[in-house]
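Structure file start-v9.cif; described as mmCIF, N, CA and C atoms.
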data_protein
#
loop_
_atom_site.group_PDB
_atom_site.id
_atom_site.type_symbol
_atom_site.label_atom_id
_atom_site.label_comp_id
_atom_site.auth_asym_id
_atom_site.auth_seq_id
_atom_site.Cartn_x
_atom_site.Cartn_y
_atom_site.Cartn_z
ATOM 1 N N MET A 1 -62.275 223.564 -6.771
ATOM 2 C CA MET A 1 -61.113 224.430 -6.867
ATOM 3 C C MET A 1 -60.445 224.188 -8.221
ATOM 4 N N ASN A 2 -60.287 225.246 -8.986
ATOM 5 C CA ASN A 2 -59.636 225.062 -10.278
ATOM 6 C C ASN A 2 -58.119 225.167 -10.140
ATOM 7 N N THR A 3 -57.429 224.973 -11.227
ATOM 8 C CA THR A 3 -55.969 224.912 -11.201
ATOM 9 C C THR A 3 -55.345 226.238 -10.788
ATOM 10 N N TRP A 4 -55.880 227.342 -11.291
ATOM 11 C CA TRP A 4 -55.276 228.633 -10.966
ATOM 12 C C TRP A 4 -55.470 229.000 -9.505
ATOM 13 N N THR A 5 -56.573 228.601 -8.939
ATOM 14 C CA THR A 5 -56.778 228.848 -7.506
ATOM 15 C C THR A 5 -55.733 228.082 -6.707
ATOM 16 N N ALA A 6 -55.487 226.850 -7.092
ATOM 17 C CA ALA A 6 -54.471 226.048 -6.405
ATOM 18 C C ALA A 6 -53.088 226.666 -6.561
ATOM 19 N N VAL A 7 -52.778 227.180 -7.739
ATOM 20 C CA VAL A 7 -51.473 227.815 -7.969
ATOM 21 C C VAL A 7 -51.319 229.059 -7.100
ATOM 22 N N VAL A 8 -52.345 229.886 -7.040
ATOM 23 C CA VAL A 8 -52.281 231.122 -6.247
ATOM 24 C C VAL A 8 -52.177 230.798 -4.761
ATOM 25 N N VAL A 9 -52.965 229.841 -4.281
ATOM 26 C CA VAL A 9 -52.915 229.459 -2.870
ATOM 27 C C VAL A 9 -51.537 228.893 -2.522
ATOM 28 N N THR A 10 -50.974 228.082 -3.397
ATOM 29 C CA THR A 10 -49.646 227.524 -3.158
ATOM 30 C C THR A 10 -48.585 228.625 -3.137
ATOM 31 N N ALA A 11 -48.669 229.572 -4.058
ATOM 32 C CA ALA A 11 -47.707 230.674 -4.100
ATOM 33 C C ALA A 11 -47.792 231.519 -2.826
ATOM 34 N N LEU A 12 -49.001 231.807 -2.386
ATOM 35 C CA LEU A 12 -49.168 232.576 -1.142
ATOM 36 C C LEU A 12 -48.647 231.807 0.061
ATOM 37 N N GLY A 13 -48.871 230.498 0.082
ATOM 38 C CA GLY A 13 -48.358 229.668 1.171
ATOM 39 C C GLY A 13 -46.840 229.661 1.200
ATOM 40 N N CYS A 14 -46.221 229.549 0.030
ATOM 41 C CA CYS A 14 -44.751 229.579 -0.046
ATOM 42 C C CYS A 14 -44.213 230.925 0.421
ATOM 43 N N TYR A 15 -44.870 231.994 0.034
ATOM 44 C CA TYR A 15 -44.444 233.320 0.465
ATOM 45 C C TYR A 15 -44.578 233.453 1.978
ATOM 46 N N ALA A 16 -45.668 232.939 2.542
ATOM 47 C CA ALA A 16 -45.876 233.013 3.992
ATOM 48 C C ALA A 16 -44.805 232.227 4.740
ATOM 49 N N VAL A 17 -44.435 231.063 4.237
ATOM 50 C CA VAL A 17 -43.386 230.269 4.883
ATOM 51 C C VAL A 17 -42.051 231.000 4.807
ATOM 52 N N LYS A 18 -41.756 231.593 3.659
ATOM 53 C CA LYS A 18 -40.514 232.359 3.501
ATOM 54 C C LYS A 18 -40.495 233.549 4.462
ATOM 55 N N LEU A 19 -41.606 234.258 4.572
ATOM 56 C CA LEU A 19 -41.701 235.393 5.475
ATOM 57 C C LEU A 19 -41.540 234.953 6.925
ATOM 58 N N ALA A 20 -42.150 233.826 7.279
ATOM 59 C CA ALA A 20 -42.013 233.317 8.643
ATOM 60 C C ALA A 20 -40.553 232.988 8.953
ATOM 61 N N GLY A 21 -39.829 232.453 7.975
ATOM 62 C CA GLY A 21 -38.418 232.152 8.178
ATOM 63 C C GLY A 21 -37.583 233.399 8.384
ATOM 64 N N LEU A 22 -37.945 234.477 7.718
ATOM 65 C CA LEU A 22 -37.211 235.731 7.882
ATOM 66 C C LEU A 22 -37.501 236.407 9.217
ATOM 67 N N LEU A 23 -38.633 236.080 9.820
ATOM 68 C CA LEU A 23 -39.019 236.705 11.085
ATOM 69 C C LEU A 23 -38.457 235.983 12.309
ATOM 70 N N VAL A 24 -37.813 234.836 12.115
ATOM 71 C CA VAL A 24 -37.225 234.099 13.233
ATOM 72 C C VAL A 24 -36.016 234.880 13.736
ATOM 73 N N PRO A 25 -35.923 235.084 15.045
ATOM 74 C CA PRO A 25 -34.764 235.827 15.581
ATOM 75 C C PRO A 25 -33.455 235.095 15.311
ATOM 76 N N ALA A 26 -32.397 235.857 15.061
ATOM 77 C CA ALA A 26 -31.090 235.272 14.745
ATOM 78 C C ALA A 26 -30.574 234.411 15.887
ATOM 79 N N GLY A 27 -30.882 234.776 17.124
ATOM 80 C CA GLY A 27 -30.424 234.003 18.276
ATOM 81 C C GLY A 27 -30.989 232.596 18.295
ATOM 82 N N ALA A 28 -32.199 232.442 17.798
ATOM 83 C CA ALA A 28 -32.815 231.112 17.767
ATOM 84 C C ALA A 28 -32.128 230.205 16.749
ATOM 85 N N LEU A 29 -31.584 230.787 15.699
ATOM 86 C CA LEU A 29 -30.932 229.998 14.658
ATOM 87 C C LEU A 29 -29.507 229.590 15.027
ATOM 88 N N GLU A 30 -28.944 230.205 16.046
ATOM 89 C CA GLU A 30 -27.574 229.911 16.441
ATOM 90 C C GLU A 30 -27.471 228.781 17.460
ATOM 91 N N ARG A 31 -28.589 228.275 17.940
ATOM 92 C CA ARG A 31 -28.553 227.179 18.910
ATOM 93 C C ARG A 31 -28.007 225.918 18.249
ATOM 94 N N PRO A 32 -27.209 225.135 18.975
ATOM 95 C CA PRO A 32 -26.612 223.929 18.387
ATOM 96 C C PRO A 32 -27.638 222.925 17.856
ATOM 97 N N LEU A 33 -28.727 222.744 18.570
ATOM 98 C CA LEU A 33 -29.748 221.790 18.129
ATOM 99 C C LEU A 33 -30.377 222.234 16.808
ATOM 100 N N VAL A 34 -30.652 223.515 16.682
ATOM 101 C CA VAL A 34 -31.251 224.038 15.451
ATOM 102 C C VAL A 34 -30.268 223.929 14.288
ATOM 103 N N ARG A 35 -29.012 224.214 14.533
ATOM 104 C CA ARG A 35 -27.995 224.114 13.475
ATOM 105 C C ARG A 35 -27.849 222.667 13.002
ATOM 106 N N ARG A 36 -27.850 221.729 13.960
ATOM 107 C CA ARG A 36 -27.716 220.312 13.600
ATOM 108 C C ARG A 36 -28.948 219.844 12.834
ATOM 109 N N LEU A 37 -30.116 220.258 13.284
ATOM 110 C CA LEU A 37 -31.351 219.887 12.596
ATOM 111 C C LEU A 37 -31.377 220.460 11.180
ATOM 112 N N ALA A 38 -30.942 221.687 11.028
ATOM 113 C CA ALA A 38 -30.916 222.315 9.703
ATOM 114 C C ALA A 38 -29.940 221.603 8.774
ATOM 115 N N ALA A 39 -28.891 221.021 9.325
ATOM 116 C CA ALA A 39 -27.917 220.309 8.502
ATOM 117 C C ALA A 39 -28.424 218.922 8.104
ATOM 118 N N LEU A 40 -29.166 218.265 8.987
ATOM 119 C CA LEU A 40 -29.585 216.885 8.744
ATOM 120 C C LEU A 40 -30.946 216.755 8.073
ATOM 121 N N LEU A 41 -31.802 217.715 8.234
ATOM 122 C CA LEU A 41 -33.162 217.618 7.704
ATOM 123 C C LEU A 41 -33.216 217.485 6.181
ATOM 124 N N PRO A 42 -32.463 218.242 5.399
ATOM 125 C CA PRO A 42 -32.526 218.056 3.942
ATOM 126 C C PRO A 42 -32.088 216.655 3.495
ATOM 127 N N VAL A 43 -31.088 216.095 4.167
ATOM 128 C CA VAL A 43 -30.632 214.751 3.819
ATOM 129 C C VAL A 43 -31.725 213.730 4.110
ATOM 130 N N ALA A 44 -32.373 213.853 5.253
ATOM 131 C CA ALA A 44 -33.442 212.922 5.619
ATOM 132 C C ALA A 44 -34.627 213.035 4.658
ATOM 133 N N LEU A 45 -34.983 214.251 4.277
ATOM 134 C CA LEU A 45 -36.095 214.438 3.347
ATOM 135 C C LEU A 45 -35.769 213.886 1.968
ATOM 136 N N LEU A 46 -34.537 214.084 1.509
ATOM 137 C CA LEU A 46 -34.144 213.546 0.208
ATOM 138 C C LEU A 46 -34.113 212.019 0.229
ATOM 139 N N ALA A 47 -33.647 211.435 1.323
ATOM 140 C CA ALA A 47 -33.641 209.973 1.447
ATOM 141 C C ALA A 47 -35.059 209.423 1.458
ATOM 142 N N ALA A 48 -35.958 210.086 2.157
ATOM 143 C CA ALA A 48 -37.350 209.638 2.194
ATOM 144 C C ALA A 48 -37.999 209.751 0.817
ATOM 145 N N LEU A 49 -37.735 210.828 0.110
ATOM 146 C CA LEU A 49 -38.282 210.993 -1.233
ATOM 147 C C LEU A 49 -37.735 209.934 -2.177
ATOM 148 N N THR A 50 -36.448 209.636 -2.079
ATOM 149 C CA THR A 50 -35.850 208.601 -2.918
ATOM 150 C C THR A 50 -36.475 207.242 -2.633
ATOM 151 N N ALA A 51 -36.634 206.914 -1.376
ATOM 152 C CA ALA A 51 -37.239 205.630 -1.009
ATOM 153 C C ALA A 51 -38.685 205.552 -1.491
ATOM 154 N N GLN A 52 -39.426 206.629 -1.329
ATOM 155 C CA GLN A 52 -40.833 206.627 -1.756
ATOM 156 C C GLN A 52 -40.947 206.472 -3.266
ATOM 157 N N GLN A 53 -40.097 207.149 -4.007
ATOM 158 C CA GLN A 53 -40.154 207.067 -5.464
ATOM 159 C C GLN A 53 -39.623 205.729 -5.988
ATOM 160 N N THR A 54 -38.741 205.094 -5.235
ATOM 161 C CA THR A 54 -38.142 203.841 -5.689
ATOM 162 C C THR A 54 -39.005 202.638 -5.357
ATOM 163 N N PHE A 55 -39.576 202.612 -4.176
ATOM 164 C CA PHE A 55 -40.236 201.408 -3.698
ATOM 165 C C PHE A 55 -41.757 201.493 -3.648
ATOM 166 N N SER A 56 -42.353 202.486 -4.281
ATOM 167 C CA SER A 56 -43.812 202.551 -4.271
ATOM 168 C C SER A 56 -44.341 202.763 -5.683
ATOM 169 N N ASP A 57 -45.529 202.247 -5.885
ATOM 170 C CA ASP A 57 -46.222 202.413 -7.161
ATOM 171 C C ASP A 57 -47.665 202.780 -6.821
ATOM 172 N N GLY A 58 -47.879 204.051 -6.580
ATOM 173 C CA GLY A 58 -49.218 204.455 -6.148
ATOM 174 C C GLY A 58 -49.401 204.120 -4.680
ATOM 175 N N ARG A 59 -50.171 203.079 -4.406
ATOM 176 C CA ARG A 59 -50.444 202.701 -3.017
ATOM 177 C C ARG A 59 -49.753 201.408 -2.598
ATOM 178 N N LEU A 60 -48.996 200.807 -3.471
ATOM 179 C CA LEU A 60 -48.375 199.520 -3.185
ATOM 180 C C LEU A 60 -46.862 199.645 -3.091
ATOM 181 N N LEU A 61 -46.271 198.783 -2.272
ATOM 182 C CA LEU A 61 -44.822 198.671 -2.247
ATOM 183 C C LEU A 61 -44.400 197.705 -3.336
ATOM 184 N N VAL A 62 -43.391 198.075 -4.113
ATOM 185 C CA VAL A 62 -42.934 197.236 -5.215
ATOM 186 C C VAL A 62 -41.414 197.108 -5.170
ATOM 187 N N LEU A 63 -40.930 196.053 -5.763
ATOM 188 C CA LEU A 63 -39.499 195.846 -5.919
ATOM 189 C C LEU A 63 -39.273 195.559 -7.392
ATOM 190 N N ASP A 64 -38.846 196.580 -8.138
ATOM 191 C CA ASP A 64 -38.705 196.430 -9.581
ATOM 192 C C ASP A 64 -37.349 196.968 -10.035
ATOM 193 N N ALA A 65 -37.263 197.359 -11.282
ATOM 194 C CA ALA A 65 -35.994 197.797 -11.863
ATOM 195 C C ALA A 65 -35.434 199.036 -11.172
ATOM 196 N N ARG A 66 -36.292 199.862 -10.634
ATOM 197 C CA ARG A 66 -35.810 201.066 -9.949
ATOM 198 C C ARG A 66 -34.946 200.712 -8.746
ATOM 199 N N ALA A 67 -35.291 199.634 -8.052
ATOM 200 C CA ALA A 67 -34.496 199.205 -6.899
ATOM 201 C C ALA A 67 -33.105 198.754 -7.350
ATOM 202 N N ALA A 68 -33.026 198.076 -8.482
ATOM 203 C CA ALA A 68 -31.724 197.658 -9.010
ATOM 204 C C ALA A 68 -30.888 198.879 -9.391
ATOM 205 N N GLY A 69 -31.512 199.874 -9.978
ATOM 206 C CA GLY A 69 -30.802 201.106 -10.321
ATOM 207 C C GLY A 69 -30.306 201.835 -9.086
ATOM 208 N N LEU A 70 -31.115 201.855 -8.048
ATOM 209 C CA LEU A 70 -30.697 202.484 -6.795
ATOM 210 C C LEU A 70 -29.521 201.728 -6.182
ATOM 211 N N ALA A 71 -29.562 200.402 -6.247
ATOM 212 C CA ALA A 71 -28.447 199.597 -5.730
ATOM 213 C C ALA A 71 -27.169 199.872 -6.517
ATOM 214 N N ALA A 72 -27.288 199.986 -7.827
ATOM 215 C CA ALA A 72 -26.115 200.291 -8.649
ATOM 216 C C ALA A 72 -25.558 201.671 -8.304
ATOM 217 N N ALA A 73 -26.419 202.630 -8.088
ATOM 218 C CA ALA A 73 -25.972 203.969 -7.700
ATOM 219 C C ALA A 73 -25.293 203.930 -6.338
ATOM 220 N N ALA A 74 -25.819 203.134 -5.424
ATOM 221 C CA ALA A 74 -25.212 203.021 -4.092
ATOM 222 C C ALA A 74 -23.810 202.414 -4.188
ATOM 223 N N VAL A 75 -23.668 201.397 -5.022
ATOM 224 C CA VAL A 75 -22.343 200.775 -5.200
ATOM 225 C C VAL A 75 -21.374 201.782 -5.796
ATOM 226 N N ALA A 76 -21.799 202.517 -6.805
ATOM 227 C CA ALA A 76 -20.933 203.530 -7.414
ATOM 228 C C ALA A 76 -20.575 204.624 -6.410
ATOM 229 N N LEU A 77 -21.518 204.956 -5.545
ATOM 230 C CA LEU A 77 -21.262 205.970 -4.522
ATOM 231 C C LEU A 77 -20.228 205.480 -3.517
ATOM 232 N N VAL A 78 -20.346 204.220 -3.106
ATOM 233 C CA VAL A 78 -19.380 203.647 -2.172
ATOM 234 C C VAL A 78 -17.987 203.597 -2.802
ATOM 235 N N LEU A 79 -17.930 203.361 -4.106
ATOM 236 C CA LEU A 79 -16.655 203.331 -4.815
ATOM 237 C C LEU A 79 -16.117 204.729 -5.127
ATOM 238 N N ARG A 80 -16.843 205.756 -4.667
ATOM 239 C CA ARG A 80 -16.458 207.154 -4.831
ATOM 240 C C ARG A 80 -16.362 207.586 -6.289
ATOM 241 N N ALA A 81 -17.298 207.117 -7.086
ATOM 242 C CA ALA A 81 -17.358 207.508 -8.489
ATOM 243 C C ALA A 81 -17.859 208.948 -8.597
ATOM 244 N N PRO A 82 -17.531 209.632 -9.686
ATOM 245 C CA PRO A 82 -18.075 210.981 -9.904
ATOM 246 C C PRO A 82 -19.601 210.936 -10.054
ATOM 247 N N PHE A 83 -20.232 212.075 -9.803
ATOM 248 C CA PHE A 83 -21.696 212.129 -9.798
ATOM 249 C C PHE A 83 -22.302 211.640 -11.106
ATOM 250 N N LEU A 84 -21.759 212.075 -12.234
ATOM 251 C CA LEU A 84 -22.317 211.658 -13.520
ATOM 252 C C LEU A 84 -22.186 210.156 -13.742
ATOM 253 N N VAL A 85 -21.133 209.558 -13.230
ATOM 254 C CA VAL A 85 -20.970 208.105 -13.338
ATOM 255 C C VAL A 85 -22.007 207.396 -12.471
ATOM 256 N N ILE A 86 -22.296 207.944 -11.311
ATOM 257 C CA ILE A 86 -23.315 207.364 -10.430
ATOM 258 C C ILE A 86 -24.675 207.388 -11.117
ATOM 259 N N VAL A 87 -25.028 208.531 -11.688
ATOM 260 C CA VAL A 87 -26.307 208.652 -12.390
ATOM 261 C C VAL A 87 -26.345 207.716 -13.595
ATOM 262 N N ALA A 88 -25.266 207.666 -14.355
ATOM 263 C CA ALA A 88 -25.221 206.788 -15.531
ATOM 264 C C ALA A 88 -25.348 205.325 -15.133
ATOM 265 N N ALA A 89 -24.705 204.924 -14.057
ATOM 266 C CA ALA A 89 -24.815 203.533 -13.596
ATOM 267 C C ALA A 89 -26.253 203.206 -13.234
ATOM 268 N N ALA A 90 -26.920 204.099 -12.543
ATOM 269 C CA ALA A 90 -28.309 203.866 -12.171
ATOM 270 C C ALA A 90 -29.198 203.758 -13.407
ATOM 271 N N VAL A 91 -28.981 204.624 -14.367
ATOM 272 C CA VAL A 91 -29.794 204.626 -15.579
ATOM 273 C C VAL A 91 -29.562 203.344 -16.386
ATOM 274 N N VAL A 92 -28.311 202.989 -16.563
ATOM 275 C CA VAL A 92 -27.991 201.804 -17.372
ATOM 276 C C VAL A 92 -28.534 200.535 -16.715
ATOM 277 N N VAL A 93 -28.363 200.390 -15.427
ATOM 278 C CA VAL A 93 -28.852 199.190 -14.742
ATOM 279 C C VAL A 93 -30.368 199.143 -14.755
ATOM 280 N N THR A 94 -31.030 200.265 -14.501
ATOM 281 C CA THR A 94 -32.491 200.291 -14.528
ATOM 282 C C THR A 94 -33.004 199.934 -15.909
ATOM 283 N N ALA A 95 -32.423 200.528 -16.958
ATOM 284 C CA ALA A 95 -32.847 200.235 -18.316
ATOM 285 C C ALA A 95 -32.572 198.775 -18.674
ATOM 286 N N GLY A 96 -31.428 198.248 -18.243
ATOM 287 C CA GLY A 96 -31.104 196.859 -18.532
ATOM 288 C C GLY A 96 -32.066 195.887 -17.878
ATOM 289 N N VAL A 97 -32.405 196.143 -16.631
ATOM 290 C CA VAL A 97 -33.356 195.267 -15.928
ATOM 291 C C VAL A 97 -34.734 195.346 -16.584
ATOM 292 N N ARG A 98 -35.147 196.553 -16.953
ATOM 293 C CA ARG A 98 -36.453 196.686 -17.621
ATOM 294 C C ARG A 98 -36.452 196.013 -18.992
ATOM 295 N N ALA A 99 -35.332 196.085 -19.702
ATOM 296 C CA ALA A 99 -35.244 195.461 -21.031
ATOM 297 C C ALA A 99 -35.301 193.940 -20.912
ATOM 298 N N MET A 100 -34.811 193.411 -19.801
ATOM 299 C CA MET A 100 -34.850 191.965 -19.593
ATOM 300 C C MET A 100 -36.212 191.511 -19.073
ATOM 301 N N GLY A 101 -37.104 192.462 -18.846
ATOM 302 C CA GLY A 101 -38.456 192.116 -18.407
ATOM 303 C C GLY A 101 -38.638 192.129 -16.902
ATOM 304 N N GLY A 102 -37.750 192.764 -16.190
ATOM 305 C CA GLY A 102 -37.832 192.777 -14.725
ATOM 306 C C GLY A 102 -38.582 193.919 -14.168
#
Please go through the file and, once you have read it, give me the structure as structure tokens.
Amino acid sequence: MNTWTAVVVTALGCYAVKLAGLLVPAGALERPLVRRLAALLPVALLAALTAQQTFSDGRLLVLDARAAGLAAAAVALVLRAPFLVIVAAAVVVTAGVRAMGG
């Protein structure tokens, strides 16, 4: 399978998923369980992606500078810092740990 075949298949798959979402009856979307799931699912997926990108290196679990940056971002978040300050704290701590050889 070449690259363009993969791109076309992915585009068609995305369109099919979008179409399937439009075909769901409105009554099904108004159920409390579905509304709660729709509210919580993006947060859970983002947390899983963050954990996977922070603590894995291919097939291995690692604890490196990225974990320190995530911890710094968590501390800034708990302190209710603005978003740009949270990102800057994570970047500065990650870069500092890497510069020290960690």
Q | Exercise: range 49-53 of chain A partners within 8 Å, all atoms listed in the file, chain neighbours under 6 positions left out, as a list in words | A | Val43, Arg66 and Ala67 of chain A
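Straight-line separation from atom N of Ala95 in chain A to CA of Ala74 in chain A: 15.0 Å.
Atom pair CA of Gly69 in chain A / CA of Val97 in chain A: separated by 8.5 Å.
In this structure, CA of Asp64 in chain A sits 28.9 Å away from CA of Leu40 in chain A.
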Q: Could you expand the PyMOL selection byres (((chain A and resi 93 and name CA) around 10) and name CA) into the explicit residues it covers here, written as a count of residues only?
A: 20
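DSSP secondary structure from the backbone places A:Ser56, A:Asp57, A:Leu60, A:Leu61 of range 49-98 of chain A in strand (DSSP E).
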Keeping only N, CA and C atoms, write the selected residues as a PDB file, keeping the file's coordinate frame.
ATOM      1  N   SER A  56     -42.353 202.486  -4.281  1.00  0.00           N
ATOM      2  CA  SER A  56     -43.812 202.551  -4.271  1.00  0.00           C
ATOM      3  C   SER A  56     -44.341 202.763  -5.683  1.00  0.00           C
ATOM      4  N   ASP A  57     -45.529 202.247  -5.885  1.00  0.00           N
ATOM      5  CA  ASP A  57     -46.222 202.413  -7.161  1.00  0.00           C
ATOM      6  C   ASP A  57     -47.665 202.780  -6.821  1.00  0.00           C
ATOM      7  N   LEU A  60     -48.996 200.807  -3.471  1.00  0.00           N
ATOM      8  CA  LEU A  60     -48.375 199.520  -3.185  1.00  0.00           C
ATOM      9  C   LEU A  60     -46.862 199.645  -3.091  1.00  0.00           C
ATOM     10  N   LEU A  61     -46.271 198.783  -2.272  1.00  0.00           N
ATOM     11  CA  LEU A  61     -44.822 198.671  -2.247  1.00  0.00           C
ATOM     12  C   LEU A  61     -44.400 197.705  -3.336  1.00  0.00           C
TER      13      LEU A  61
END
Give, as lines of an AutoDock Vina configuration file, the centre coordinates and the x, y and z edge lengths in Å to one decimal for an axis-aligned box around all listed atoms of range 11-16 of chain A, padded by 8 Å on each side.
center_x = -46.7
center_y = 231.5
center_z = 0.3
size_x = 21.0
size_y = 19.9
size_z = 24.8
(Q) With DSSP run on the backbone, what are the alpha helix (DSSP H) residues within chain A? I'd like them as a ChimeraX atom specification. (A) /A:3-22,26-29,32-55,65-78,83-99
Rebuild N, CA, C and O atoms on range 63-77 of chain A, as an mmCIF file, in the frame of the given file?
data_model
loop_
_atom_site.group_PDB
_atom_site.id
_atom_site.type_symbol
_atom_site.label_atom_id
_atom_site.label_comp_id
_atom_site.auth_asym_id
_atom_site.auth_seq_id
_atom_site.Cartn_x
_atom_site.Cartn_y
_atom_site.Cartn_z
ATOM 1 N N LEU A 63 -40.930 196.053 -5.763
ATOM 2 C CA LEU A 63 -39.499 195.846 -5.919
ATOM 3 C C LEU A 63 -39.273 195.559 -7.392
ATOM 4 O O LEU A 63 -39.520 194.461 -7.874
ATOM 5 N N ASP A 64 -38.846 196.580 -8.138
ATOM 6 C CA ASP A 64 -38.705 196.430 -9.581
ATOM 7 C C ASP A 64 -37.349 196.968 -10.035
ATOM 8 O O ASP A 64 -36.406 197.020 -9.251
ATOM 9 N N ALA A 65 -37.263 197.359 -11.282
ATOM 10 C CA ALA A 65 -35.994 197.797 -11.863
ATOM 11 C C ALA A 65 -35.434 199.036 -11.172
ATOM 12 O O ALA A 65 -34.212 199.224 -11.135
ATOM 13 N N ARG A 66 -36.292 199.862 -10.634
ATOM 14 C CA ARG A 66 -35.810 201.066 -9.949
ATOM 15 C C ARG A 66 -34.946 200.712 -8.746
ATOM 16 O O ARG A 66 -33.970 201.397 -8.452
ATOM 17 N N ALA A 67 -35.291 199.634 -8.052
ATOM 18 C CA ALA A 67 -34.496 199.205 -6.899
ATOM 19 C C ALA A 67 -33.105 198.754 -7.350
ATOM 20 O O ALA A 67 -32.106 199.031 -6.673
ATOM 21 N N ALA A 68 -33.026 198.076 -8.482
ATOM 22 C CA ALA A 68 -31.724 197.658 -9.010
ATOM 23 C C ALA A 68 -30.888 198.879 -9.391
ATOM 24 O O ALA A 68 -29.679 198.917 -9.143
ATOM 25 N N GLY A 69 -31.512 199.874 -9.978
ATOM 26 C CA GLY A 69 -30.802 201.106 -10.321
ATOM 27 C C GLY A 69 -30.306 201.835 -9.086
ATOM 28 O O GLY A 69 -29.180 202.355 -9.073
ATOM 29 N N LEU A 70 -31.115 201.855 -8.048
ATOM 30 C CA LEU A 70 -30.697 202.484 -6.795
ATOM 31 C C LEU A 70 -29.521 201.728 -6.182
ATOM 32 O O LEU A 70 -28.573 202.332 -5.678
ATOM 33 N N ALA A 71 -29.562 200.402 -6.247
ATOM 34 C CA ALA A 71 -28.447 199.597 -5.730
ATOM 35 C C ALA A 71 -27.169 199.872 -6.517
ATOM 36 O O ALA A 71 -26.085 199.993 -5.928
ATOM 37 N N ALA A 72 -27.288 199.986 -7.827
ATOM 38 C CA ALA A 72 -26.115 200.291 -8.649
ATOM 39 C C ALA A 72 -25.558 201.671 -8.304
ATOM 40 O O ALA A 72 -24.331 201.853 -8.221
ATOM 41 N N ALA A 73 -26.419 202.630 -8.088
ATOM 42 C CA ALA A 73 -25.972 203.969 -7.700
ATOM 43 C C ALA A 73 -25.293 203.930 -6.338
ATOM 44 O O ALA A 73 -24.273 204.609 -6.125
ATOM 45 N N ALA A 74 -25.819 203.134 -5.424
ATOM 46 C CA ALA A 74 -25.212 203.021 -4.092
ATOM 47 C C ALA A 74 -23.810 202.414 -4.188
ATOM 48 O O ALA A 74 -22.876 202.871 -3.518
ATOM 49 N N VAL A 75 -23.668 201.397 -5.022
ATOM 50 C CA VAL A 75 -22.343 200.775 -5.200
ATOM 51 C C VAL A 75 -21.374 201.782 -5.796
ATOM 52 O O VAL A 75 -20.225 201.911 -5.338
ATOM 53 N N ALA A 76 -21.799 202.517 -6.805
ATOM 54 C CA ALA A 76 -20.933 203.530 -7.414
ATOM 55 C C ALA A 76 -20.575 204.624 -6.410
ATOM 56 O O ALA A 76 -19.449 205.137 -6.412
ATOM 57 N N LEU A 77 -21.518 204.956 -5.545
ATOM 58 C CA LEU A 77 -21.262 205.970 -4.522
ATOM 59 C C LEU A 77 -20.228 205.480 -3.517
ATOM 60 O O LEU A 77 -19.315 206.221 -3.131
#
